[in-house]
>>> print(open('start-v1.cif').read())   # mmCIF, C-alpha atoms
data_entry
loop_
_atom_site.group_PDB
_atom_site.id
_atom_site.type_symbol
_atom_site.label_atom_id
_atom_site.label_comp_id
_atom_site.auth_asym_id
_atom_site.auth_seq_id
_atom_site.Cartn_x
_atom_site.Cartn_y
_atom_site.Cartn_z
ATOM 1 C CA MET A 1 -13.484 20.613 -16.411
ATOM 2 C CA ASN A 2 -10.998 19.222 -13.911
ATOM 3 C CA LEU A 3 -11.897 19.477 -10.242
ATOM 4 C CA THR A 4 -10.834 18.048 -6.930
ATOM 5 C CA VAL A 5 -13.909 16.536 -5.309
ATOM 6 C CA ASN A 6 -13.660 15.211 -1.787
ATOM 7 C CA GLY A 7 -9.913 14.949 -2.156
ATOM 8 C CA LYS A 8 -9.936 13.110 -5.478
ATOM 9 C CA SER A 9 -9.383 14.355 -9.009
ATOM 10 C CA ALA A 10 -12.550 14.423 -11.052
ATOM 11 C CA THR A 11 -13.209 15.337 -14.653
ATOM 12 C CA ILE A 12 -16.664 16.707 -15.323
ATOM 13 C CA GLU A 13 -18.022 16.659 -18.846
ATOM 14 C CA ALA A 14 -20.237 19.681 -19.143
ATOM 15 C CA GLN A 15 -20.978 22.343 -21.703
ATOM 16 C CA GLY A 16 -20.891 25.898 -20.462
ATOM 17 C CA ASN A 17 -20.966 27.020 -16.878
ATOM 18 C CA VAL A 18 -21.870 24.583 -14.130
ATOM 19 C CA SER A 19 -23.346 25.578 -10.796
ATOM 20 C CA VAL A 20 -22.733 23.752 -7.547
ATOM 21 C CA LEU A 21 -26.287 22.430 -7.735
ATOM 22 C CA GLN A 22 -25.693 21.090 -11.257
ATOM 23 C CA LEU A 23 -22.392 19.580 -10.147
ATOM 24 C CA LEU A 24 -24.143 17.645 -7.396
ATOM 25 C CA ASP A 25 -26.559 16.342 -10.026
ATOM 26 C CA LEU A 26 -23.686 15.357 -12.304
ATOM 27 C CA LEU A 27 -22.093 13.514 -9.388
ATOM 28 C CA ASN A 28 -25.394 11.701 -8.732
ATOM 29 C CA VAL A 29 -25.595 13.083 -5.203
ATOM 30 C CA SER A 30 -28.972 12.199 -3.728
ATOM 31 C CA GLN A 31 -30.902 14.109 -1.067
ATOM 32 C CA LYS A 32 -29.119 17.341 -1.895
ATOM 33 C CA GLU A 33 -31.249 19.195 0.631
ATOM 34 C CA TYR A 34 -29.117 17.529 3.331
ATOM 35 C CA VAL A 35 -25.758 18.235 1.710
ATOM 36 C CA THR A 36 -23.284 20.874 2.832
ATOM 37 C CA VAL A 37 -20.768 22.107 0.274
ATOM 38 C CA GLU A 38 -17.395 23.726 0.700
ATOM 39 C CA LEU A 39 -16.075 25.442 -2.443
ATOM 40 C CA ASN A 40 -12.397 26.371 -2.376
ATOM 41 C CA GLY A 41 -12.452 26.407 1.406
ATOM 42 C CA ASP A 42 -15.664 28.393 1.858
ATOM 43 C CA ILE A 43 -18.836 26.761 3.142
ATOM 44 C CA LEU A 44 -21.778 27.763 0.955
ATOM 45 C CA ASP A 45 -25.303 28.583 2.003
ATOM 46 C CA ARG A 46 -27.554 25.897 0.599
ATOM 47 C CA GLU A 47 -29.673 28.629 -1.008
ATOM 48 C CA SER A 48 -26.684 29.726 -3.085
ATOM 49 C CA PHE A 49 -25.930 26.339 -4.683
ATOM 50 C CA ALA A 50 -27.752 27.220 -7.900
ATOM 51 C CA ALA A 51 -26.023 30.593 -8.199
ATOM 52 C CA SER A 52 -22.497 29.463 -7.308
ATOM 53 C CA PRO A 53 -20.415 28.638 -10.395
ATOM 54 C CA VAL A 54 -17.821 25.896 -10.378
ATOM 55 C CA GLN A 55 -14.735 26.553 -12.450
ATOM 56 C CA ASP A 56 -11.879 24.477 -13.768
ATOM 57 C CA GLY A 57 -9.363 23.794 -11.007
ATOM 58 C CA ASP A 58 -11.816 24.311 -8.150
ATOM 59 C CA THR A 59 -11.733 22.230 -4.996
ATOM 60 C CA VAL A 60 -15.130 20.982 -3.858
ATOM 61 C CA GLU A 61 -15.930 19.123 -0.684
ATOM 62 C CA PHE A 62 -19.391 17.926 0.175
ATOM 63 C CA LEU A 63 -20.819 15.921 3.004
ATOM 64 C CA TYR A 64 -24.159 15.036 4.442
ATOM 65 C CA PHE A 65 -25.834 16.613 7.423
ATOM 66 C CA MET A 66 -24.943 14.588 10.503
ATOM 67 C CA GLY A 67 -27.587 14.696 13.139
ATOM 68 C CA GLY A 68 -30.282 12.745 14.864
ATOM 69 C CA GLY A 69 -32.172 12.468 18.045
ATOM 70 C CA ALA A 70 -33.261 10.288 20.889
ATOM 71 C CA LEU A 71 -36.960 10.415 20.099
ATOM 72 C CA MET B 1 -17.878 -6.078 12.554
ATOM 73 C CA LEU B 2 -16.196 -3.094 14.110
ATOM 74 C CA ARG B 3 -12.918 -3.456 15.953
ATOM 75 C CA ILE B 4 -12.546 -0.723 18.552
ATOM 76 C CA PRO B 5 -9.580 -0.263 20.909
ATOM 77 C CA ARG B 6 -10.766 -0.499 24.520
ATOM 78 C CA GLU B 7 -9.390 2.949 25.327
ATOM 79 C CA ILE B 8 -11.369 4.554 22.511
ATOM 80 C CA HIS B 9 -14.518 2.686 23.510
ATOM 81 C CA GLU B 10 -14.089 3.912 27.086
ATOM 82 C CA ALA B 11 -13.375 7.459 25.854
ATOM 83 C CA VAL B 12 -16.664 7.458 23.954
ATOM 84 C CA LEU B 13 -18.542 6.305 27.064
ATOM 85 C CA GLU B 14 -16.766 8.966 29.105
ATOM 86 C CA HIS B 15 -17.730 11.635 26.575
ATOM 87 C CA ALA B 16 -21.368 10.561 26.911
ATOM 88 C CA ARG B 17 -21.176 10.659 30.727
ATOM 89 C CA GLU B 18 -19.513 14.079 30.731
ATOM 90 C CA GLY B 19 -22.141 15.524 28.435
ATOM 91 C CA PHE B 20 -25.135 14.205 30.367
ATOM 92 C CA PRO B 21 -27.930 15.330 30.392
ATOM 93 C CA LEU B 22 -27.242 16.598 26.867
ATOM 94 C CA GLU B 23 -26.633 14.417 23.870
ATOM 95 C CA VAL B 24 -23.020 14.284 22.736
ATOM 96 C CA CYS B 25 -21.700 13.308 19.333
ATOM 97 C CA GLY B 26 -18.466 12.392 17.647
ATOM 98 C CA ILE B 27 -16.727 10.478 14.920
ATOM 99 C CA LEU B 28 -14.409 7.480 14.920
ATOM 100 C CA GLY B 29 -11.881 7.200 12.136
ATOM 101 C CA GLY B 30 -9.968 4.200 10.955
ATOM 102 C CA ARG B 31 -9.166 1.794 8.174
ATOM 103 C CA GLY B 32 -11.219 -1.164 7.045
ATOM 104 C CA SER B 33 -13.159 -2.273 10.107
ATOM 105 C CA GLU B 34 -10.576 -1.113 12.635
ATOM 106 C CA VAL B 35 -11.095 2.106 14.561
ATOM 107 C CA LEU B 36 -7.892 4.092 15.017
ATOM 108 C CA SER B 37 -8.975 7.524 16.168
ATOM 109 C CA HIS B 38 -11.642 9.233 18.278
ATOM 110 C CA HIS B 39 -12.892 12.752 17.628
ATOM 111 C CA ARG B 40 -15.343 14.584 19.847
ATOM 112 C CA MET B 41 -17.621 16.877 17.857
ATOM 113 C CA THR B 42 -19.753 19.792 18.983
ATOM 114 C CA ASN B 43 -23.473 19.173 19.312
ATOM 115 C CA THR B 44 -24.670 22.503 17.975
ATOM 116 C CA ASP B 45 -28.207 21.677 19.152
ATOM 117 C CA GLN B 46 -27.091 21.520 22.817
ATOM 118 C CA SER B 47 -30.141 19.373 23.461
ATOM 119 C CA ASN B 48 -30.958 16.261 25.450
ATOM 120 C CA GLU B 49 -33.085 14.978 22.563
ATOM 121 C CA HIS B 50 -31.204 15.940 19.407
ATOM 122 C CA PHE B 51 -27.757 16.358 17.986
ATOM 123 C CA MET B 52 -26.377 18.153 14.982
ATOM 124 C CA MET B 53 -22.711 18.408 14.078
ATOM 125 C CA ASP B 54 -21.019 21.628 13.051
ATOM 126 C CA PRO B 55 -20.246 21.486 9.293
ATOM 127 C CA LYS B 56 -16.991 23.401 9.779
ATOM 128 C CA GLU B 57 -15.793 20.761 12.234
ATOM 129 C CA GLN B 58 -16.987 18.009 9.908
ATOM 130 C CA PHE B 59 -15.039 19.347 6.919
ATOM 131 C CA ALA B 60 -11.929 19.895 9.023
ATOM 132 C CA LEU B 61 -12.093 16.375 10.393
ATOM 133 C CA VAL B 62 -12.686 14.760 7.022
ATOM 134 C CA LYS B 63 -9.524 16.437 5.739
ATOM 135 C CA GLU B 64 -7.592 15.441 8.858
ATOM 136 C CA LEU B 65 -8.651 11.821 8.453
ATOM 137 C CA ARG B 66 -7.797 11.870 4.767
ATOM 138 C CA ALA B 67 -4.316 13.203 5.562
ATOM 139 C CA ALA B 68 -3.882 10.365 8.047
ATOM 140 C CA GLU B 69 -5.052 7.879 5.397
ATOM 141 C CA GLN B 70 -8.089 7.078 7.488
ATOM 142 C CA SER B 71 -11.774 7.349 6.725
ATOM 143 C CA MET B 72 -14.855 8.054 8.759
ATOM 144 C CA LEU B 73 -15.969 4.682 10.091
ATOM 145 C CA VAL B 74 -18.432 5.567 12.829
ATOM 146 C CA ILE B 75 -20.748 8.429 13.734
ATOM 147 C CA TYR B 76 -21.637 8.195 17.412
ATOM 148 C CA HIS B 77 -24.047 9.970 19.692
ATOM 149 C CA SER B 78 -25.589 9.440 23.081
ATOM 150 C CA HIS B 79 -29.143 8.827 24.158
ATOM 151 C CA PRO B 80 -29.221 10.261 27.679
ATOM 152 C CA GLU B 81 -32.551 8.749 28.631
ATOM 153 C CA SER B 82 -33.456 6.197 25.985
ATOM 154 C CA PRO B 83 -32.157 2.842 24.770
ATOM 155 C CA ALA B 84 -29.136 2.248 22.546
ATOM 156 C CA ARG B 85 -31.101 1.855 19.367
ATOM 157 C CA PRO B 86 -31.715 4.231 16.467
ATOM 158 C CA SER B 87 -34.686 6.527 16.878
ATOM 159 C CA GLN B 88 -36.946 7.339 13.957
ATOM 160 C CA GLU B 89 -35.043 10.598 13.604
ATOM 161 C CA ASP B 90 -31.715 8.742 13.634
ATOM 162 C CA ILE B 91 -32.972 6.497 10.856
ATOM 163 C CA ARG B 92 -34.347 9.382 8.794
ATOM 164 C CA LEU B 93 -31.146 11.394 9.093
ATOM 165 C CA ALA B 94 -28.648 8.572 8.579
ATOM 166 C CA LEU B 95 -27.506 9.945 5.229
ATOM 167 C CA THR B 96 -23.754 9.424 5.173
ATOM 168 C CA PRO B 97 -23.026 6.260 3.202
ATOM 169 C CA GLY B 98 -20.647 3.582 4.399
ATOM 170 C CA VAL B 99 -20.512 4.426 8.086
ATOM 171 C CA ALA B 100 -21.722 2.659 11.209
ATOM 172 C CA HIS B 101 -23.781 4.463 13.820
ATOM 173 C CA LEU B 102 -22.804 3.914 17.438
ATOM 174 C CA ILE B 103 -25.354 4.864 20.069
ATOM 175 C CA VAL B 104 -24.528 5.105 23.764
ATOM 176 C CA SER B 105 -27.451 4.772 26.155
ATOM 177 C CA LEU B 106 -27.129 6.376 29.567
ATOM 178 C CA MET B 107 -30.364 4.972 30.925
ATOM 179 C CA ASP B 108 -28.112 3.279 33.468
ATOM 180 C CA GLN B 109 -25.346 5.814 33.973
ATOM 181 C CA GLU B 110 -23.268 3.368 35.992
ATOM 182 C CA THR B 111 -23.276 0.949 33.107
ATOM 183 C CA PRO B 112 -23.654 2.748 29.783
ATOM 184 C CA VAL B 113 -24.529 0.559 26.838
ATOM 185 C CA ALA B 114 -23.029 1.154 23.392
ATOM 186 C CA LYS B 115 -24.398 -0.577 20.318
ATOM 187 C CA ALA B 116 -23.571 -0.123 16.659
ATOM 188 C CA PHE B 117 -25.760 -0.297 13.589
ATOM 189 C CA THR B 118 -25.729 0.229 9.887
ATOM 190 C CA ILE B 119 -28.620 2.305 8.649
ATOM 191 C CA SER B 120 -29.305 2.420 4.951
ATOM 192 C CA GLU B 121 -32.451 3.706 3.292
ATOM 193 C CA GLY B 122 -34.451 3.087 6.434
ATOM 194 C CA THR B 123 -33.115 -0.378 7.124
ATOM 195 C CA VAL B 124 -31.311 -0.914 10.415
ATOM 196 C CA ALA B 125 -28.906 -3.795 10.989
ATOM 197 C CA PRO B 126 -26.810 -4.439 14.097
ATOM 198 C CA VAL B 127 -23.030 -4.370 13.829
ATOM 199 C CA GLU B 128 -20.927 -6.550 16.098
ATOM 200 C CA ILE B 129 -18.337 -4.693 18.157
ATOM 201 C CA GLU B 130 -15.061 -6.356 19.053
ATOM 202 C CA LEU B 131 -12.959 -4.592 21.660
ATOM 203 C CA PHE B 132 -9.236 -5.090 21.636
#
>>> encode(input="start-v1.cif", output="structure tokens")
Amino acid sequence: MNLTVNGKSATIEAQGNVSVLQLLDLLNVSQKEYVTVELNGDILDRESFAASPVQDGDTVEFLYFMGGGAL
Amino acid sequence: MLRIPREIHEAVLEHAREGFPLEVCGILGGRGSEVLSHHRMTNTDQSNEHFMMDPKEQFALVKELRAAEQSMLVIYHSHPESPARPSQEDIRLALTPGVAHLIVSLMDQETPVAKAFTISEGTVAPVEIELF
């Protein structure tokens, strides 16, 4: 499956359908609970990662939560 | 080592002053160790103790930087009433790899202090800033 991930072409070797959650695993993304994903221009709810399929030709962007505090 | 143009460094300090007493946040883009662009971001927390960036703004900026052949070099935020050093929360939530974290302290509003750090898996290391 050929994707564009964070602006770069990526080929994912997978059998059958792949969810966004599985894609993050395949990309060795750690601390997925802090990751935000945009699939073909739409930001996904984190709860929907497992139910959102990724298909050949899709564009995926992901980035980490950016926050902090003074305390 | 981070090389930051003086005007961008001053713009970051000004952003922190303008936002007081709330925390402000933003991103500096560039190439290698040289900062080339300054981007104010919305603190969706609107708090004097926390900040959180808006994911929509983050995605838009990442694409803008990519188009300009820049990358995200620095995530900055202000500490309105505490020193320019990473808090426990800053350390816990420093998740983006390969960036420096710039913290502006406004404990002395007349003379804000900005310091940069790398934070990786709980380990904090200072980063020298060279203004040019």
>>> interface_residues(input="start-v1.cif", of="chain B", to="chain A", cutoff="10 Å", atoms="only C-alpha atoms", output="PyMOL selection string")
chain B and resi 23+25-26+43-45+47-56+58-59+62-63+66-67+75-97+103+105
>>> residues_around(input="start-v1.cif", residues="B:Val74", least_positions_apart="5", cutoff="9 Å", atoms="all atoms listed in the file", output="NGL selection string")
:B and (26-30 or 35 or 98-102 or 116)
>>> axis_aligned_box(input="start-v1.cif", around="stretch 6-23 of chain A", padding_each_side="6 Å", output="JSON")
{"center_x": -17.8, "center_y": 20.1, "center_z": -11.7, "size_x": 28.9, "size_y": 25.9, "size_z": 31.9}
>>> residues_around(input="start-v1.cif", residues="A:Glu13", least_positions_apart="3", cutoff="9 Å", atoms="only C-alpha atoms", output="list of chain:residue names")
A:Met1, A:Asn2, A:Leu26
>>> resolve_selection(input="start-v1.cif", expression="the PyMOL selection byres ((chain B and resi 37) around 12)", output="ChimeraX atom specification")
/B:3-9,11-12,26-31,34-36,38-40,61,64-65,68-74
>>> atom_distance(input="start-v1.cif", atom1="atom CA of B:Ala16", atom2="atom CA of B:Val113")
10.5 Å
>>> atom_distance(input="start-v1.cif", atom1="atom CA of A:Phe49", atom2="atom CA of A:Ile12")
17.1 Å
>>> atom_distance(input="start-v1.cif", atom1="atom CA of B:Ala60", atom2="atom CA of A:Thr59")
14.2 Å
>>> resolve_selection(input="start-v1.cif", expression="the PyMOL selection byres ((chain A and resi 16) around 12)", output="PDB file with C-alpha atoms, keeping the file's coordinate frame")
ATOM      1  CA  MET A   1     -13.484  20.613 -16.411  1.00  0.00           C
ATOM      2  CA  ILE A  12     -16.664  16.707 -15.323  1.00  0.00           C
ATOM      3  CA  GLU A  13     -18.022  16.659 -18.846  1.00  0.00           C
ATOM      4  CA  ALA A  14     -20.237  19.681 -19.143  1.00  0.00           C
ATOM      5  CA  GLN A  15     -20.978  22.343 -21.703  1.00  0.00           C
ATOM      6  CA  ASN A  17     -20.966  27.020 -16.878  1.00  0.00           C
ATOM      7  CA  VAL A  18     -21.870  24.583 -14.130  1.00  0.00           C
ATOM      8  CA  SER A  19     -23.346  25.578 -10.796  1.00  0.00           C
ATOM      9  CA  GLN A  22     -25.693  21.090 -11.257  1.00  0.00           C
ATOM     10  CA  PRO A  53     -20.415  28.638 -10.395  1.00  0.00           C
ATOM     11  CA  VAL A  54     -17.821  25.896 -10.378  1.00  0.00           C
ATOM     12  CA  GLN A  55     -14.735  26.553 -12.450  1.00  0.00           C
ATOM     13  CA  ASP A  56     -11.879  24.477 -13.768  1.00  0.00           C
TER      14      ASP A  56
END
>>> residues_near_point(input="start-v1.cif", point="(-24.0, 5.7, 31.6)", cutoff="9 Å", atoms="all atoms listed in the file", output="list in words")
Leu13, Glu14, Ala16, Arg17, Phe20, Pro80, Val104, Ser105, Leu106, Met107, Asp108, Gln109, Glu110, Thr111, Pro112 and Val113 of chain B
>>> resolve_selection(input="start-v1.cif", expression="the PyMOL selection byres ((chain B and resi 121-128) around 7)", output="number ranges by chain")
B: 1-2, 91-92, 116-120, 129-130
>>> write_last_selection(input="start-v1.cif", atoms="C-alpha atoms", output="PDB file, keeping the file's coordinate frame")
ATOM      1  CA  MET B   1     -17.878  -6.078  12.554  1.00  0.00           C
ATOM      2  CA  LEU B   2     -16.196  -3.094  14.110  1.00  0.00           C
ATOM      3  CA  ILE B  91     -32.972   6.497  10.856  1.00  0.00           C
ATOM      4  CA  ARG B  92     -34.347   9.382   8.794  1.00  0.00           C
ATOM      5  CA  ALA B 116     -23.571  -0.123  16.659  1.00  0.00           C
ATOM      6  CA  PHE B 117     -25.760  -0.297  13.589  1.00  0.00           C
ATOM      7  CA  THR B 118     -25.729   0.229   9.887  1.00  0.00           C
ATOM      8  CA  ILE B 119     -28.620   2.305   8.649  1.00  0.00           C
ATOM      9  CA  SER B 120     -29.305   2.420   4.951  1.00  0.00           C
ATOM     10  CA  ILE B 129     -18.337  -4.693  18.157  1.00  0.00           C
ATOM     11  CA  GLU B 130     -15.061  -6.356  19.053  1.00  0.00           C
TER      12      GLU B 130
END
>>> closest_residue(input="start-v1.cif", among="B:Leu131, B:Leu22, B:His15, B:Ala114", to="B:Gln46", atoms="all atoms listed in the file")
B:Leu22
>>> closest_residue(input="start-v1.cif", among="A:Leu44, A:Lys8, A:Leu3, A:Ser52", to="A:Val20", atoms="all atoms listed in the file")
A:Ser52
>>> decode(input="start-v1.cif", residues="stretch 24-47 of chain B", atoms="N, CA and C atoms", output="PDB file, in the first residue's frame")
ATOM      1  N   VAL B  24       1.761  31.978  26.703  1.00  0.00           N
ATOM      2  CA  VAL B  24       1.645  31.993  25.243  1.00  0.00           C
ATOM      3  C   VAL B  24       2.520  30.872  24.690  1.00  0.00           C
ATOM      4  N   CYS B  25       2.282  30.523  23.435  1.00  0.00           N
ATOM      5  CA  CYS B  25       3.071  29.460  22.829  1.00  0.00           C
ATOM      6  C   CYS B  25       3.255  29.732  21.339  1.00  0.00           C
ATOM      7  N   GLY B  26       4.255  29.091  20.782  1.00  0.00           N
ATOM      8  CA  GLY B  26       4.519  29.274  19.364  1.00  0.00           C
ATOM      9  C   GLY B  26       5.583  28.309  18.886  1.00  0.00           C
ATOM     10  N   ILE B  27       5.915  28.464  17.632  1.00  0.00           N
ATOM     11  CA  ILE B  27       6.863  27.558  16.979  1.00  0.00           C
ATOM     12  C   ILE B  27       7.840  28.394  16.157  1.00  0.00           C
ATOM     13  N   LEU B  28       9.099  27.989  16.181  1.00  0.00           N
ATOM     14  CA  LEU B  28      10.108  28.600  15.325  1.00  0.00           C
ATOM     15  C   LEU B  28      10.537  27.572  14.282  1.00  0.00           C
ATOM     16  N   GLY B  29      10.512  27.995  13.031  1.00  0.00           N
ATOM     17  CA  GLY B  29      10.938  27.104  11.964  1.00  0.00           C
ATOM     18  C   GLY B  29      12.314  27.492  11.466  1.00  0.00           C
ATOM     19  N   GLY B  30      12.930  26.575  10.740  1.00  0.00           N
ATOM     20  CA  GLY B  30      14.241  26.903  10.202  1.00  0.00           C
ATOM     21  C   GLY B  30      14.884  25.712   9.531  1.00  0.00           C
ATOM     22  N   ARG B  31      16.185  25.849   9.326  1.00  0.00           N
ATOM     23  CA  ARG B  31      16.963  24.769   8.715  1.00  0.00           C
ATOM     24  C   ARG B  31      18.225  24.550   9.533  1.00  0.00           C
ATOM     25  N   GLY B  32      18.557  23.288   9.747  1.00  0.00           N
ATOM     26  CA  GLY B  32      19.738  22.991  10.554  1.00  0.00           C
ATOM     27  C   GLY B  32      19.552  23.550  11.942  1.00  0.00           C
ATOM     28  N   SER B  33      20.454  24.409  12.374  1.00  0.00           N
ATOM     29  CA  SER B  33      20.328  25.024  13.699  1.00  0.00           C
ATOM     30  C   SER B  33      19.894  26.482  13.606  1.00  0.00           C
ATOM     31  N   GLU B  34      19.570  26.936  12.402  1.00  0.00           N
ATOM     32  CA  GLU B  34      19.272  28.350  12.206  1.00  0.00           C
ATOM     33  C   GLU B  34      17.775  28.608  12.099  1.00  0.00           C
ATOM     34  N   VAL B  35      17.271  29.432  12.994  1.00  0.00           N
ATOM     35  CA  VAL B  35      15.856  29.794  12.974  1.00  0.00           C
ATOM     36  C   VAL B  35      15.620  30.819  11.867  1.00  0.00           C
ATOM     37  N   LEU B  36      14.557  30.575  11.087  1.00  0.00           N
ATOM     38  CA  LEU B  36      14.242  31.459   9.968  1.00  0.00           C
ATOM     39  C   LEU B  36      12.853  32.063  10.057  1.00  0.00           C
ATOM     40  N   SER B  37      11.992  31.464  10.871  1.00  0.00           N
ATOM     41  CA  SER B  37      10.617  31.960  10.904  1.00  0.00           C
ATOM     42  C   SER B  37      10.008  31.798  12.289  1.00  0.00           C
ATOM     43  N   HIS B  38       9.082  32.689  12.598  1.00  0.00           N
ATOM     44  CA  HIS B  38       8.416  32.739  13.910  1.00  0.00           C
ATOM     45  C   HIS B  38       6.920  32.633  13.693  1.00  0.00           C
ATOM     46  N   HIS B  39       6.274  31.770  14.449  1.00  0.00           N
ATOM     47  CA  HIS B  39       4.843  31.527  14.263  1.00  0.00           C
ATOM     48  C   HIS B  39       4.149  31.499  15.629  1.00  0.00           C
ATOM     49  N   ARG B  40       3.343  32.507  15.876  1.00  0.00           N
ATOM     50  CA  ARG B  40       2.538  32.490  17.099  1.00  0.00           C
ATOM     51  C   ARG B  40       1.464  31.412  16.957  1.00  0.00           C
ATOM     52  N   MET B  41       1.216  30.690  18.029  1.00  0.00           N
ATOM     53  CA  MET B  41       0.169  29.672  18.025  1.00  0.00           C
ATOM     54  C   MET B  41      -0.837  30.008  19.135  1.00  0.00           C
ATOM     55  N   THR B  42      -2.032  29.492  18.981  1.00  0.00           N
ATOM     56  CA  THR B  42      -3.072  29.736  19.975  1.00  0.00           C
ATOM     57  C   THR B  42      -2.890  28.799  21.165  1.00  0.00           C
ATOM     58  N   ASN B  43      -2.903  29.369  22.357  1.00  0.00           N
ATOM     59  CA  ASN B  43      -2.942  28.533  23.562  1.00  0.00           C
ATOM     60  C   ASN B  43      -4.408  28.232  23.852  1.00  0.00           C
ATOM     61  N   THR B  44      -4.838  27.049  23.457  1.00  0.00           N
ATOM     62  CA  THR B  44      -6.262  26.721  23.618  1.00  0.00           C
ATOM     63  C   THR B  44      -6.649  26.605  25.087  1.00  0.00           C
ATOM     64  N   ASP B  45      -5.671  26.440  25.975  1.00  0.00           N
ATOM     65  CA  ASP B  45      -5.979  26.373  27.410  1.00  0.00           C
ATOM     66  C   ASP B  45      -6.307  27.754  27.989  1.00  0.00           C
ATOM     67  N   GLN B  46      -5.790  28.818  27.371  1.00  0.00           N
ATOM     68  CA  GLN B  46      -6.011  30.176  27.893  1.00  0.00           C
ATOM     69  C   GLN B  46      -5.796  30.195  29.401  1.00  0.00           C
ATOM     70  N   SER B  47      -4.624  29.758  29.807  1.00  0.00           N
ATOM     71  CA  SER B  47      -4.316  29.582  31.225  1.00  0.00           C
ATOM     72  C   SER B  47      -3.000  30.282  31.546  1.00  0.00           C
TER      73      SER B  47
END
